[in-house]
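Below is protein.pdb, which holds PDB, C-alpha atoms and all ligand atoms.
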ATOM      1  CA  MET A  22      42.692  42.173   1.243
ATOM      2  CA  LYS A  23      41.016  44.995   3.134
ATOM      3  CA  ASP A  24      38.004  42.968   4.220
ATOM      4  CA  LEU A  25      36.472  39.497   4.059
ATOM      5  CA  SER A  26      33.952  40.388   1.363
ATOM      6  CA  LEU A  27      36.848  41.133  -1.011
ATOM      7  CA  SER A  28      38.503  37.803  -0.157
ATOM      8  CA  VAL A  29      35.230  35.996  -0.824
ATOM      9  CA  LEU A  30      34.931  37.757  -4.196
ATOM     10  CA  ASP A  31      38.489  36.798  -5.063
ATOM     11  CA  ILE A  32      38.155  33.144  -4.030
ATOM     12  CA  ALA A  33      34.793  32.815  -5.785
ATOM     13  CA  MET A  34      36.449  34.163  -8.952
ATOM     14  CA  ASN A  35      38.600  31.005  -8.859
ATOM     15  CA  SER A  36      35.367  28.971  -8.934
ATOM     16  CA  VAL A  37      34.103  31.019 -11.882
ATOM     17  CA  LYS A  38      37.350  30.334 -13.707
ATOM     18  CA  ALA A  39      36.995  26.636 -12.867
ATOM     19  CA  LYS A  40      33.739  26.678 -14.881
ATOM     20  CA  ALA A  41      31.479  25.947 -11.953
ATOM     21  CA  SER A  42      27.728  26.071 -12.566
ATOM     22  CA  LEU A  43      26.932  26.320  -8.861
ATOM     23  CA  ILE A  44      28.868  28.302  -6.266
ATOM     24  CA  GLU A  45      27.874  28.214  -2.605
ATOM     25  CA  ILE A  46      29.085  30.900  -0.237
ATOM     26  CA  THR A  47      28.363  30.215   3.409
ATOM     27  CA  LEU A  48      29.251  32.468   6.328
ATOM     28  CA  ALA A  49      28.512  31.171   9.806
ATOM     29  CA  ASN A  50      29.088  33.306  12.876
ATOM     30  CA  ASP A  51      28.303  31.704  16.238
ATOM     31  CA  GLY A  52      29.588  34.700  18.161
ATOM     32  CA  LYS A  53      32.974  33.108  18.714
ATOM     33  CA  THR A  54      34.083  31.868  15.320
ATOM     34  CA  LEU A  55      33.273  33.202  11.871
ATOM     35  CA  SER A  56      33.682  30.542   9.237
ATOM     36  CA  VAL A  57      33.697  31.422   5.557
ATOM     37  CA  ARG A  58      33.155  28.642   3.083
ATOM     38  CA  ILE A  59      33.212  28.736  -0.705
ATOM     39  CA  ALA A  60      32.220  25.523  -2.460
ATOM     40  CA  ASP A  61      31.898  24.933  -6.193
ATOM     41  CA  ASN A  62      31.200  22.171  -8.681
ATOM     42  CA  GLY A  63      33.920  23.294 -11.080
ATOM     43  CA  CYS A  64      36.818  21.399 -12.633
ATOM     44  CA  GLY A  65      38.587  20.726  -9.329
ATOM     45  CA  MET A  66      42.278  20.017  -8.783
ATOM     46  CA  ASP A  67      44.217  16.769  -8.576
ATOM     47  CA  ALA A  68      45.919  15.726  -5.328
ATOM     48  CA  ASP A  69      49.356  16.824  -6.435
ATOM     49  CA  PHE A  70      48.249  20.312  -7.481
ATOM     50  CA  LEU A  71      46.059  20.680  -4.387
ATOM     51  CA  ALA A  72      49.032  19.939  -2.133
ATOM     52  CA  ARG A  73      50.854  22.927  -3.668
ATOM     53  CA  VAL A  74      47.940  25.339  -4.046
ATOM     54  CA  THR A  75      48.615  27.343  -0.852
ATOM     55  CA  ASP A  76      52.103  28.107  -2.179
ATOM     56  CA  PRO A  77      52.173  31.506  -3.950
ATOM     57  CA  PHE A  78      54.165  29.995  -6.793
ATOM     58  CA  THR A  79      51.252  27.774  -7.773
ATOM     59  CA  THR A  80      49.089  29.215 -10.549
ATOM     60  CA  THR A  81      47.750  28.306 -13.965
ATOM     61  CA  ARG A  82      47.688  31.956 -15.035
ATOM     62  CA  ASP A  83      49.910  32.885 -17.961
ATOM     63  CA  THR A  84      50.142  36.605 -17.167
ATOM     64  CA  ARG A  85      52.310  36.061 -14.075
ATOM     65  CA  ARG A  86      54.075  33.323 -12.117
ATOM     66  CA  VAL A  87      52.391  33.813  -8.771
ATOM     67  CA  GLY A  88      48.871  33.007  -7.610
ATOM     68  CA  MET A  89      48.072  35.084  -4.546
ATOM     69  CA  GLY A  90      44.374  34.457  -3.895
ATOM     70  CA  ILE A  91      44.474  31.256  -1.863
ATOM     71  CA  PRO A  92      47.765  31.972  -0.023
ATOM     72  CA  LEU A  93      46.476  35.405   1.061
ATOM     73  CA  PHE A  94      43.172  34.020   2.332
ATOM     74  CA  LYS A  95      44.927  31.270   4.276
ATOM     75  CA  LEU A  96      47.313  33.804   5.793
ATOM     76  CA  ALA A  97      44.444  36.116   6.771
ATOM     77  CA  ALA A  98      42.733  33.291   8.691
ATOM     78  CA  GLU A  99      45.894  32.114  10.397
ATOM     79  CA  GLN A 100      46.861  35.639  11.429
ATOM     80  CA  ALA A 101      43.461  36.022  13.095
ATOM     81  CA  GLY A 102      43.762  32.925  15.262
ATOM     82  CA  GLY A 103      41.864  30.822  12.763
ATOM     83  CA  THR A 104      42.235  27.832  10.498
ATOM     84  CA  PHE A 105      42.171  27.054   6.791
ATOM     85  CA  ALA A 106      41.184  23.918   4.907
ATOM     86  CA  ILE A 107      40.683  23.021   1.271
ATOM     87  CA  THR A 108      39.517  19.858  -0.431
ATOM     88  CA  SER A 109      39.127  19.267  -4.146
ATOM     89  CA  GLU A 110      38.467  16.523  -6.602
ATOM     90  CA  PRO A 111      38.978  16.657 -10.371
ATOM     91  CA  GLY A 112      35.657  16.777 -12.174
ATOM     92  CA  ARG A 113      33.697  17.246  -8.941
ATOM     93  CA  GLY A 114      34.699  20.576  -7.501
ATOM     94  CA  THR A 115      36.430  22.401  -4.701
ATOM     95  CA  ASP A 116      35.469  23.214  -1.135
ATOM     96  CA  LEU A 117      37.441  25.826   0.754
ATOM     97  CA  MET A 118      36.956  26.985   4.329
ATOM     98  CA  ALA A 119      38.618  29.673   6.414
ATOM     99  CA  ALA A 120      37.692  30.235  10.046
ATOM    100  CA  PHE A 121      38.398  33.424  11.999
ATOM    101  CA  ALA A 122      38.242  34.140  15.719
ATOM    102  CA  VAL A 123      35.502  36.807  15.765
ATOM    103  CA  ASP A 124      37.119  38.960  18.457
ATOM    104  CA  HIS A 125      40.693  38.641  17.252
ATOM    105  CA  MET A 126      42.407  41.990  16.768
ATOM    106  CA  ASP A 127      43.629  41.016  13.315
ATOM    107  CA  ARG A 128      40.363  39.662  11.982
ATOM    108  CA  PRO A 129      39.531  41.603   8.825
ATOM    109  CA  PRO A 130      36.145  43.339   8.955
ATOM    110  CA  LEU A 131      33.296  41.675   7.080
ATOM    111  CA  GLY A 132      33.002  44.392   4.424
ATOM    112  CA  ASP A 133      30.207  44.702   1.903
ATOM    113  CA  MET A 134      28.924  41.180   1.229
ATOM    114  CA  ALA A 135      25.978  42.458  -0.820
ATOM    115  CA  ALA A 136      28.370  44.212  -3.205
ATOM    116  CA  THR A 137      30.425  41.043  -3.528
ATOM    117  CA  VAL A 138      27.400  38.884  -4.354
ATOM    118  CA  ALA A 139      26.093  41.476  -6.835
ATOM    119  CA  THR A 140      29.531  41.684  -8.478
ATOM    120  CA  LEU A 141      29.677  37.903  -8.890
ATOM    121  CA  ILE A 142      26.208  37.792 -10.418
ATOM    122  CA  GLN A 143      27.050  40.725 -12.723
ATOM    123  CA  GLY A 144      30.080  38.877 -14.066
ATOM    124  CA  SER A 145      28.473  35.443 -14.315
ATOM    125  CA  PRO A 146      24.708  35.745 -14.735
ATOM    126  CA  ASP A 147      24.421  32.119 -15.826
ATOM    127  CA  ILE A 148      26.100  30.633 -12.762
ATOM    128  CA  ASP A 149      23.923  29.839  -9.774
ATOM    129  CA  PHE A 150      24.991  31.390  -6.501
ATOM    130  CA  VAL A 151      23.679  30.295  -3.144
ATOM    131  CA  TYR A 152      24.610  32.729  -0.399
ATOM    132  CA  ARG A 153      23.845  32.199   3.253
ATOM    133  CA  HIS A 154      25.111  34.216   6.208
ATOM    134  CA  THR A 155      24.019  33.126   9.656
ATOM    135  CA  ALA A 156      24.815  35.249  12.690
ATOM    136  CA  PRO A 157      23.716  35.127  16.348
ATOM    137  CA  CYS A 158      20.770  37.451  15.638
ATOM    138  CA  GLY A 159      19.532  36.175  12.317
ATOM    139  CA  GLU A 160      20.273  35.248   8.763
ATOM    140  CA  ALA A 161      20.820  36.838   5.350
ATOM    141  CA  SER A 162      20.472  34.709   2.257
ATOM    142  CA  LEU A 163      20.012  34.630  -1.480
ATOM    143  CA  ASP A 164      19.566  31.871  -4.034
ATOM    144  CA  THR A 165      19.796  32.829  -7.702
ATOM    145  CA  ARG A 166      17.789  29.725  -8.642
ATOM    146  CA  GLU A 167      14.740  31.254  -6.959
ATOM    147  CA  LEU A 168      15.357  34.659  -8.540
ATOM    148  CA  ARG A 169      15.802  33.090 -11.959
ATOM    149  CA  GLN A 170      12.393  31.501 -11.642
ATOM    150  CA  ALA A 171      10.735  34.823 -10.800
ATOM    151  CA  LEU A 172      12.600  36.567 -13.629
ATOM    152  CA  ASP A 173      11.437  34.008 -16.176
ATOM    153  CA  GLY A 174      14.021  34.598 -18.929
ATOM    154  CA  VAL A 175      15.184  38.086 -17.952
ATOM    155  CA  PRO A 176      18.940  37.839 -17.226
ATOM    156  CA  LEU A 177      20.173  38.356 -13.678
ATOM    157  CA  ASN A 178      22.696  40.969 -14.822
ATOM    158  CA  GLU A 179      20.168  43.539 -16.000
ATOM    159  CA  PRO A 180      21.116  46.697 -14.044
ATOM    160  CA  GLU A 181      17.708  47.054 -12.361
ATOM    161  CA  VAL A 182      17.777  43.415 -11.287
ATOM    162  CA  LEU A 183      21.312  43.735  -9.922
ATOM    163  CA  GLN A 184      20.324  46.814  -8.003
ATOM    164  CA  TRP A 185      17.364  45.013  -6.476
ATOM    165  CA  ILE A 186      19.583  42.088  -5.496
ATOM    166  CA  GLN A 187      22.183  44.287  -3.858
ATOM    167  CA  GLU A 188      19.681  46.478  -1.999
ATOM    168  CA  ASN A 189      17.730  43.516  -0.667
ATOM    169  CA  LEU A 190      20.751  41.606   0.480
ATOM    170  CA  ASP A 191      22.292  44.703   1.998
ATOM    171  CA  GLU A 192      19.135  45.296   4.007
ATOM    172  CA  GLU A 193      19.272  41.729   5.321
ATOM    173  CA  GLU A 194      22.946  42.085   6.149
ATOM    174  CA  ARG A 195      22.257  45.254   8.115
ATOM    175  CA  MET A 196      19.592  43.482  10.159
ATOM    176  CA  ILE A 197      22.012  40.826  11.365
ATOM    177  CA  ALA A 198      25.018  43.108  11.795
ATOM    178  CA  LEU A 199      23.656  44.525  15.069
TER     179      LEU A 199
ATOM    180  CA  MET B  28      14.011  38.485   0.663
ATOM    181  CA  LYS B  29      11.829  41.565   0.903
ATOM    182  CA  SER B  30       9.548  40.793  -1.980
ATOM    183  CA  ILE B  31       9.736  38.577  -5.000
ATOM    184  CA  GLU B  32       6.646  40.489  -6.224
ATOM    185  CA  GLU B  33       8.816  43.576  -6.562
ATOM    186  CA  LEU B  34      11.275  41.590  -8.649
ATOM    187  CA  LYS B  35       8.473  40.460 -10.938
ATOM    188  CA  LYS B  36       7.536  44.098 -11.528
ATOM    189  CA  ILE B  37      11.150  44.888 -12.374
ATOM    190  CA  ARG B  38      11.010  41.981 -14.802
ATOM    191  CA  GLU B  39       8.109  43.541 -16.733
ATOM    192  CA  GLN B  40       9.894  46.891 -17.082
ATOM    193  CA  THR B  41      13.207  45.312 -18.016
ATOM    194  CA  LEU B  42      11.607  43.120 -20.639
ATOM    195  CA  LYS B  43      10.501  46.233 -22.547
ATOM    196  CA  ASN B  44      14.047  47.645 -22.511
ATOM    197  CA  ILE B  45      15.508  44.364 -23.695
ATOM    198  CA  ASN B  46      13.123  44.234 -26.651
ATOM    199  CA  LEU B  47      13.856  47.848 -27.585
ATOM    200  CA  ARG B  48      17.578  47.106 -27.532
ATOM    201  CA  LYS B  49      17.061  44.101 -29.784
ATOM    202  CA  GLU B  50      15.146  46.172 -32.311
ATOM    203  CA  ASP B  51      17.760  48.835 -32.941
ATOM    204  CA  GLY B  52      20.739  46.467 -33.234
ATOM    205  CA  GLY B  53      24.172  48.116 -33.428
ATOM    206  CA  ASP B  54      27.694  47.043 -32.495
ATOM    207  CA  THR B  55      28.627  46.789 -28.866
ATOM    208  CA  THR B  56      31.306  48.836 -27.137
ATOM    209  CA  ARG B  57      32.882  46.719 -24.426
ATOM    210  CA  ILE B  58      34.147  47.887 -21.046
ATOM    211  CA  VAL B  59      36.300  45.186 -19.459
ATOM    212  CA  VAL B  60      37.435  45.357 -15.829
ATOM    213  CA  GLY B  61      40.317  43.245 -14.475
ATOM    214  CA  MET B  62      39.076  41.180 -11.528
ATOM    215  CA  ALA B  63      41.956  38.936 -10.477
ATOM    216  CA  THR B  64      43.472  39.181  -6.991
ATOM    217  CA  CYS B  65      45.632  42.114  -8.112
ATOM    218  CA  GLY B  66      42.612  44.039  -9.388
ATOM    219  CA  ILE B  67      40.296  43.270  -6.468
ATOM    220  CA  ALA B  68      42.928  44.207  -3.878
ATOM    221  CA  ALA B  69      43.542  47.527  -5.654
ATOM    222  CA  GLY B  70      39.839  48.464  -5.749
ATOM    223  CA  ALA B  71      38.328  46.908  -8.879
ATOM    224  CA  ARG B  72      34.959  46.111  -7.255
ATOM    225  CA  PRO B  73      33.811  49.739  -6.839
ATOM    226  CA  VAL B  74      35.279  50.587 -10.269
ATOM    227  CA  LEU B  75      33.155  47.873 -11.854
ATOM    228  CA  ALA B  76      30.090  49.035  -9.914
ATOM    229  CA  ALA B  77      30.658  52.607 -11.118
ATOM    230  CA  CYS B  78      30.871  51.395 -14.735
ATOM    231  CA  VAL B  79      27.642  49.390 -14.431
ATOM    232  CA  ASP B  80      25.907  52.334 -12.767
ATOM    233  CA  GLU B  81      27.099  54.930 -15.262
ATOM    234  CA  VAL B  82      26.158  52.828 -18.310
ATOM    235  CA  SER B  83      22.724  52.220 -16.834
ATOM    236  CA  LYS B  84      22.127  55.845 -15.745
ATOM    237  CA  ARG B  85      23.064  57.178 -19.158
ATOM    238  CA  SER B  86      20.999  54.444 -20.845
ATOM    239  CA  LEU B  87      23.927  53.506 -23.076
ATOM    240  CA  ALA B  88      22.207  50.755 -25.023
ATOM    241  CA  HIS B  89      25.167  49.300 -26.886
ATOM    242  CA  VAL B  90      27.717  49.228 -24.120
ATOM    243  CA  SER B  91      28.514  46.080 -22.156
ATOM    244  CA  VAL B  92      30.449  45.832 -18.901
ATOM    245  CA  THR B  93      32.306  42.566 -18.358
ATOM    246  CA  GLN B  94      34.943  41.143 -16.038
ATOM    247  CA  THR B  95      38.220  39.493 -16.865
ATOM    248  CA  GLY B  96      41.177  38.011 -14.974
ATOM    249  CA  CYS B  97      44.678  39.393 -14.670
ATOM    250  CA  ILE B  98      45.613  41.771 -17.496
ATOM    251  CA  GLY B  99      49.337  41.433 -16.713
ATOM    252  CA  VAL B 100      50.360  44.797 -15.251
ATOM    253  CA  CYS B 101      49.367  44.241 -11.638
ATOM    254  CA  ARG B 102      51.029  47.372 -10.244
ATOM    255  CA  LEU B 103      48.778  49.552 -12.410
ATOM    256  CA  GLU B 104      45.486  47.979 -11.257
ATOM    257  CA  PRO B 105      42.575  48.639 -11.233
ATOM    258  CA  ILE B 106      42.671  48.403 -15.022
ATOM    259  CA  VAL B 107      39.786  49.058 -17.398
ATOM    260  CA  GLU B 108      39.991  48.237 -21.101
ATOM    261  CA  ILE B 109      37.674  49.850 -23.632
ATOM    262  CA  PHE B 110      36.914  48.260 -26.975
ATOM    263  CA  VAL B 111      35.043  50.515 -29.385
ATOM    264  CA  PRO B 112      34.106  48.648 -32.580
ATOM    265  CA  GLY B 113      36.527  49.497 -35.397
ATOM    266  CA  GLU B 114      38.949  51.268 -33.070
ATOM    267  CA  GLU B 115      42.055  50.144 -31.230
ATOM    268  CA  LYS B 116      41.741  48.990 -27.623
ATOM    269  CA  VAL B 117      42.428  51.642 -24.987
ATOM    270  CA  THR B 118      43.786  50.571 -21.584
ATOM    271  CA  TYR B 119      43.088  52.812 -18.587
ATOM    272  CA  VAL B 120      45.120  52.262 -15.423
ATOM    273  CA  LYS B 121      45.022  53.088 -11.691
ATOM    274  CA  MET B 122      41.306  53.614 -11.947
ATOM    275  CA  ASP B 123      38.857  54.645  -9.270
ATOM    276  CA  GLU B 124      35.109  55.305  -9.320
ATOM    277  CA  GLU B 125      35.462  58.922 -10.354
ATOM    278  CA  LYS B 126      37.940  58.198 -13.158
ATOM    279  CA  ALA B 127      35.713  55.389 -14.419
ATOM    280  CA  ARG B 128      32.721  57.729 -14.685
ATOM    281  CA  ARG B 129      34.886  60.321 -16.409
ATOM    282  CA  VAL B 130      36.182  57.791 -18.971
ATOM    283  CA  ILE B 131      32.647  56.673 -19.789
ATOM    284  CA  HIS B 132      31.560  60.263 -20.264
ATOM    285  CA  GLU B 133      34.542  61.447 -22.300
ATOM    286  CA  HIS B 134      35.606  58.326 -24.180
ATOM    287  CA  ILE B 135      32.368  56.466 -24.745
ATOM    288  CA  VAL B 136      29.815  59.277 -24.907
ATOM    289  CA  ASN B 137      31.993  62.028 -26.436
ATOM    290  CA  HIS B 138      34.443  59.762 -28.330
ATOM    291  CA  LYS B 139      37.508  61.443 -26.887
ATOM    292  CA  VAL B 140      40.231  59.266 -25.330
ATOM    293  CA  VAL B 141      41.283  60.455 -21.845
ATOM    294  CA  THR B 142      44.993  60.271 -22.659
ATOM    295  CA  GLU B 143      46.302  61.149 -19.195
ATOM    296  CA  LEU B 144      44.652  58.081 -17.685
ATOM    297  CA  THR B 145      45.855  55.581 -20.283
ATOM    298  CA  ILE B 146      48.617  53.060 -19.733
ATOM    299  CA  GLY B 147      50.864  54.928 -22.183
ATOM    300  CA  ALA B 148      50.843  58.028 -19.988
ATOM    301  CA  ASN B 149      51.443  56.090 -16.759
ATOM    302  CA  GLU B 150      54.266  53.664 -17.458
TER     303      GLU B 150
HETATM  304  N1  LIG A 201      37.976  26.558  -7.122
HETATM  305  C1  LIG A 201      38.988  26.124  -7.877
HETATM  306  N2  LIG A 201      38.788  25.132  -8.796
HETATM  307  C2  LIG A 201      39.802  24.695  -9.581
HETATM  308  N3  LIG A 201      41.047  25.181  -9.541
HETATM  309  C3  LIG A 201      41.313  26.170  -8.666
HETATM  310  C4  LIG A 201      40.311  26.683  -7.777
HETATM  311  N4  LIG A 201      40.870  27.647  -7.018
HETATM  312  C5  LIG A 201      42.150  27.729  -7.400
HETATM  313  N5  LIG A 201      42.436  26.851  -8.388
HETATM  314  C6  LIG A 201      43.754  26.672  -9.045
HETATM  315  O1  LIG A 201      44.747  27.088  -8.152
HETATM  316  C7  LIG A 201      45.542  28.131  -8.727
HETATM  317  C8  LIG A 201      45.953  29.125  -7.644
HETATM  318  O2  LIG A 201      44.829  29.862  -7.171
HETATM  319  P1  LIG A 201      45.053  31.306  -6.501
HETATM  320  O3  LIG A 201      43.739  31.916  -6.268
HETATM  321  O4  LIG A 201      45.947  31.156  -5.333
HETATM  322  O5  LIG A 201      45.871  32.105  -7.592
HETATM  323  P2  LIG A 201      45.378  32.518  -9.082
HETATM  324  O6  LIG A 201      43.902  32.472  -9.147
HETATM  325  O7  LIG A 201      46.129  31.684 -10.051
HETATM  326  O8  LIG A 201      45.879  34.016  -9.227
HETATM  327  P3  LIG A 201      45.352  35.269  -8.347
HETATM  328  O9  LIG A 201      44.396  34.722  -7.344
HETATM  329  O10 LIG A 201      46.577  35.860  -7.730
HETATM  330  O11 LIG A 201      44.693  36.207  -9.280
HETATM  331  C9  LIG A 201      44.688  28.721  -9.844
HETATM  332  O12 LIG A 201      45.496  29.255 -10.865
HETATM  333  C10 LIG A 201      43.893  27.503 -10.310
HETATM  334  O13 LIG A 201      44.650  26.751 -11.239
HETATM  335 MG    MG A 202      42.727  33.400  -7.591
END
Now, as a test, write the supplied structure out as structure tokens.
Ligand SMILES: Nc1ncnc2c1ncn2[C@@H]1O[C@H](COP(=O)(O)OP(=O)(O)OP(=O)(O)O)[C@@H](O)[C@H]1O
Ligand SMILES: [Mg+2]
Amino acid sequence: MKDLSLSVLDIAMNSVKAKASLIEITLANDGKTLSVRIADNGCGMDADFLARVTDPFTTTRDTRRVGMGIPLFKLAAEQAGGTFAITSEPGRGTDLMAAFAVDHMDRPPLGDMAATVATLIQGSPDIDFVYRHTAPCGEASLDTRELRQALDGVPLNEPEVLQWIQENLDEEERMIAL
Amino acid sequence: MKSIEELKKIREQTLKNINLRKEDGGDTTRIVVGMATCGIAAGARPVLAACVDEVSKRSLAHVSVTQTGCIGVCRLEPIVEIFVPGEEKVTYVKMDEEKARRVIHEHIVNHKVVTELTIGANE
């Protein structure tokens, strides 16, 4: 993946497929380490499957025999002097975390997080997304539960709403990117 | 968040559009974008955004843009499938933003399949 925002989109698509109703995306940058966490309350995986999930030959897709999302994300973290961890429980959900050394030469750039969040909401307007990105000089965040309340019945994937979401979040991201 | 008040204003405007759409019914043309790892890595996110933007800009009332997983021909991603009611599915491959806008204009607005961008012409 070209940047971290694309990895986050890809990993969160696993949560969508796992029928999660709540997906939390948390980025925490303390200046030294950037940790990226995606947690969901979807169907989860049993211990045996979980033990094999970082192997590219583990997938439940029927269009191909390889599942690249998780192996690629793990590799990206490890190649940038970081770590990877995943826990999961059937019926409860999955929690995945990749940490990157901020100054490592091979750390992928952050990319467009606002576009990733907007894309997720566009595809799954009924799922709740809680996004939080903390950095040394501030924080960017979004909680679709709050937006849903303000929208009072108007779906989150109406184009004007999506545009508002993306522009707002992008502005917040720019503020903390300095 | 800059202003939830702004969002509430957007809500009022959008509500009118939604009600108008409901009133004139009609079958929906579907634009489906592949968003598995293969699609995302090849550039599906901006393709999807271009589709959403183009449909909204042209006020195409009976056109939906949705996401799907892996369509099965990973080397030809990004892939966009178009389902016009009563017509056979058309699969467009190796898409980018510009091609996506072109397909919406020619195929969906002018009802003319862009043959050179279909899977049949690229295999
Ligand atoms: N959040 C999750 N909840 C439940 N199951 C998951 C989750 N994430 C992954 N899985 C399971 O692990 C498998 C492997 O995931 P991975 O992302 O590596 O590949 P994939 O999604 O199958 O295909 P690809 O990512 O290449 O499009 C999935 O097919 C799914 O069965
Ligand atoms: Mg995946």
What are the closest atom pairs, with distances in Å to one decimal, for each residue of chain B lying within 12 Å of ligand LIG 201 (chain A), using all atoms listed in the file, rows by chain and rising residue number, as a tab-separated table?
residue	atom	partner	partner_atom	distance
B:Gly61	CA	A:LIG201	O11	9.8
B:Met62	CA	A:LIG201	O11	7.8
B:Ala63	CA	A:LIG201	O11	4.0
B:Thr64	CA	A:LIG201	O11	3.9
B:Cys65	CA	A:LIG201	O11	6.1
B:Gly66	CA	A:LIG201	O11	8.1
B:Ile67	CA	A:LIG201	O11	8.8
B:Ala68	CA	A:LIG201	O11	9.8
B:Ala69	CA	A:LIG201	O11	11.9
B:Thr95	CA	A:LIG201	O11	10.5
B:Gly96	CA	A:LIG201	O11	6.9
B:Cys97	CA	A:LIG201	O11	6.3
B:Ile98	CA	A:LIG201	O11	10.0
B:Gly99	CA	A:LIG201	O11	10.2
B:Val100	CA	A:LIG201	O11	11.9
B:Cys101	CA	A:LIG201	O11	9.6
B:Glu104	CA	A:LIG201	O11	12.0
Write the residues of the selection above to a file with C-alpha atoms, as a PDB file, keeping the file's coordinate frame.
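What follows is the written file out.pdb:
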ATOM      1  CA  GLY B  61      40.317  43.245 -14.475  1.00  0.00           C
ATOM      2  CA  MET B  62      39.076  41.180 -11.528  1.00  0.00           C
ATOM      3  CA  ALA B  63      41.956  38.936 -10.477  1.00  0.00           C
ATOM      4  CA  THR B  64      43.472  39.181  -6.991  1.00  0.00           C
ATOM      5  CA  CYS B  65      45.632  42.114  -8.112  1.00  0.00           C
ATOM      6  CA  GLY B  66      42.612  44.039  -9.388  1.00  0.00           C
ATOM      7  CA  ILE B  67      40.296  43.270  -6.468  1.00  0.00           C
ATOM      8  CA  ALA B  68      42.928  44.207  -3.878  1.00  0.00           C
ATOM      9  CA  ALA B  69      43.542  47.527  -5.654  1.00  0.00           C
ATOM     10  CA  THR B  95      38.220  39.493 -16.865  1.00  0.00           C
ATOM     11  CA  GLY B  96      41.177  38.011 -14.974  1.00  0.00           C
ATOM     12  CA  CYS B  97      44.678  39.393 -14.670  1.00  0.00           C
ATOM     13  CA  ILE B  98      45.613  41.771 -17.496  1.00  0.00           C
ATOM     14  CA  GLY B  99      49.337  41.433 -16.713  1.00  0.00           C
ATOM     15  CA  VAL B 100      50.360  44.797 -15.251  1.00  0.00           C
ATOM     16  CA  CYS B 101      49.367  44.241 -11.638  1.00  0.00           C
ATOM     17  CA  GLU B 104      45.486  47.979 -11.257  1.00  0.00           C
TER      18      GLU B 104
END
| Residues returned when the PyMOL selection byres ((chain A and not hetatm) within 7 of (chain B)) runs on this file, as a PyMOL selection string | chain A and resi 22+27+31+84-85+89-90+144+171-172+175+180-182+189
| task | For Met196 (chain A), list every protein, DNA or RNA residue within 12 Å, evaluated using only C-alpha atoms, and leave out those in the same chain fewer than 5 positions away; present the list as number ranges by chain. | result | A: 154-162, 189-191
| query | Taking the file as shown, what set of residues would the PyMOL selection byres (((chain A and resi 108) around 10) and not hetatm) give back, as a ChimeraX atom specification? | reply | /A:60,65-68,71-72,106-107,109-110,114-118
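Atom pair CA of Pro146 (chain A) / CA of Asp54 (chain B) has a distance of 21.3 Å (rounded to one decimal).
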Proximity of chain A to ligand MG 202 (chain A): per-residue shortest pair, 10 Å limit, all atoms listed in the file, as a tab-separated table:
residue	atom	partner	partner_atom	distance
A:Ser28	CA	A:MG202	MG	9.6
A:Leu30	CA	A:MG202	MG	9.6
A:Asp31	CA	A:MG202	MG	6.0
A:Ile32	CA	A:MG202	MG	5.8
A:Ala33	CA	A:MG202	MG	8.2
A:Met34	CA	A:MG202	MG	6.5
A:Asn35	CA	A:MG202	MG	4.9
A:Ser36	CA	A:MG202	MG	8.7
A:Val37	CA	A:MG202	MG	9.9
A:Lys38	CA	A:MG202	MG	8.7
A:Thr80	CA	A:MG202	MG	8.2
A:Thr81	CA	A:MG202	MG	9.6
A:Arg82	CA	A:MG202	MG	9.1
A:Val87	CA	A:MG202	MG	9.7
A:Gly88	CA	A:MG202	MG	6.2
A:Met89	CA	A:MG202	MG	6.4
A:Gly90	CA	A:MG202	MG	4.2
A:Ile91	CA	A:MG202	MG	6.4
A:Pro92	CA	A:MG202	MG	9.2
A:Leu93	CA	A:MG202	MG	9.6
A:Phe94	CA	A:MG202	MG	10.0
| query | Expanded to explicit residues, what is the PyMOL selection byres (((chain A and resi 131) around 8) and not hetatm) for this file, as a list in words? | reply |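 That expression, the PyMOL selection byres (((chain A and resi 131) around 8) and not hetatm), corresponds here to Asp24, Leu25, Ser26, Pro129, Pro130, Gly132, Asp133 and Met134 of chain A.
With distances restricted to all atoms listed in the file, B:Ile146 is the closest residue to Val120 (chain B) from B:Ile146, B:His138, B:Ala77, B:His132.
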Padding of 6 Å on every side, edges along x, y and z, all listed atoms of region 146-156 of chain A included: what centre and edge lengths in Å, to one decimal, does that box have, as lines of an AutoDock Vina configuration file?
center_x = 24.9
center_y = 32.8
center_z = -1.6
size_x = 14.4
size_y = 17.9
size_z = 40.5
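Across the structure, CA of Asp69 (chain A) and CA of Ala97 (chain A) are spaced 23.9 Å apart.
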| query | Quick one: of B:Asp123, B:Asp51, B:Ile109, B:Val59, who's nearest to Ile135 (chain B), counting all atoms listed in the file? | reply | B:Ile109
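The coordinates place CA of Ile142 (chain A) at 13.7 Å from CA of Glu188 (chain A).
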| Shortest interatomic distance to Val117 (chain B) - which of B:Leu103, B:Ile58, B:Val136, B:Leu47, counting all atoms listed in the file |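 Checking each of B:Leu103, B:Ile58, B:Val136, B:Leu47 against Val117 (chain B), counting all atoms listed in the file, the winner is B:Ile58.
You can rank B:Ile131, B:Gly52, B:Asn137, B:Met122 by their closest distance to Arg102 (chain B) using all atoms listed in the file, and at the top of that list sits B:Met122.
Remark: for Asp51 (chain A), the closest of the candidate residues A:Ala120, A:Leu177, A:Ala136, A:Leu163 is A:Ala120 (distances computed over only C-alpha atoms).
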| What lies within 8 Å of Tyr119 (chain B) using all atoms listed in the file, ignoring chain neighbours under 4 positions off, as a ChimeraX atom specification? | /B:106-109,144-146
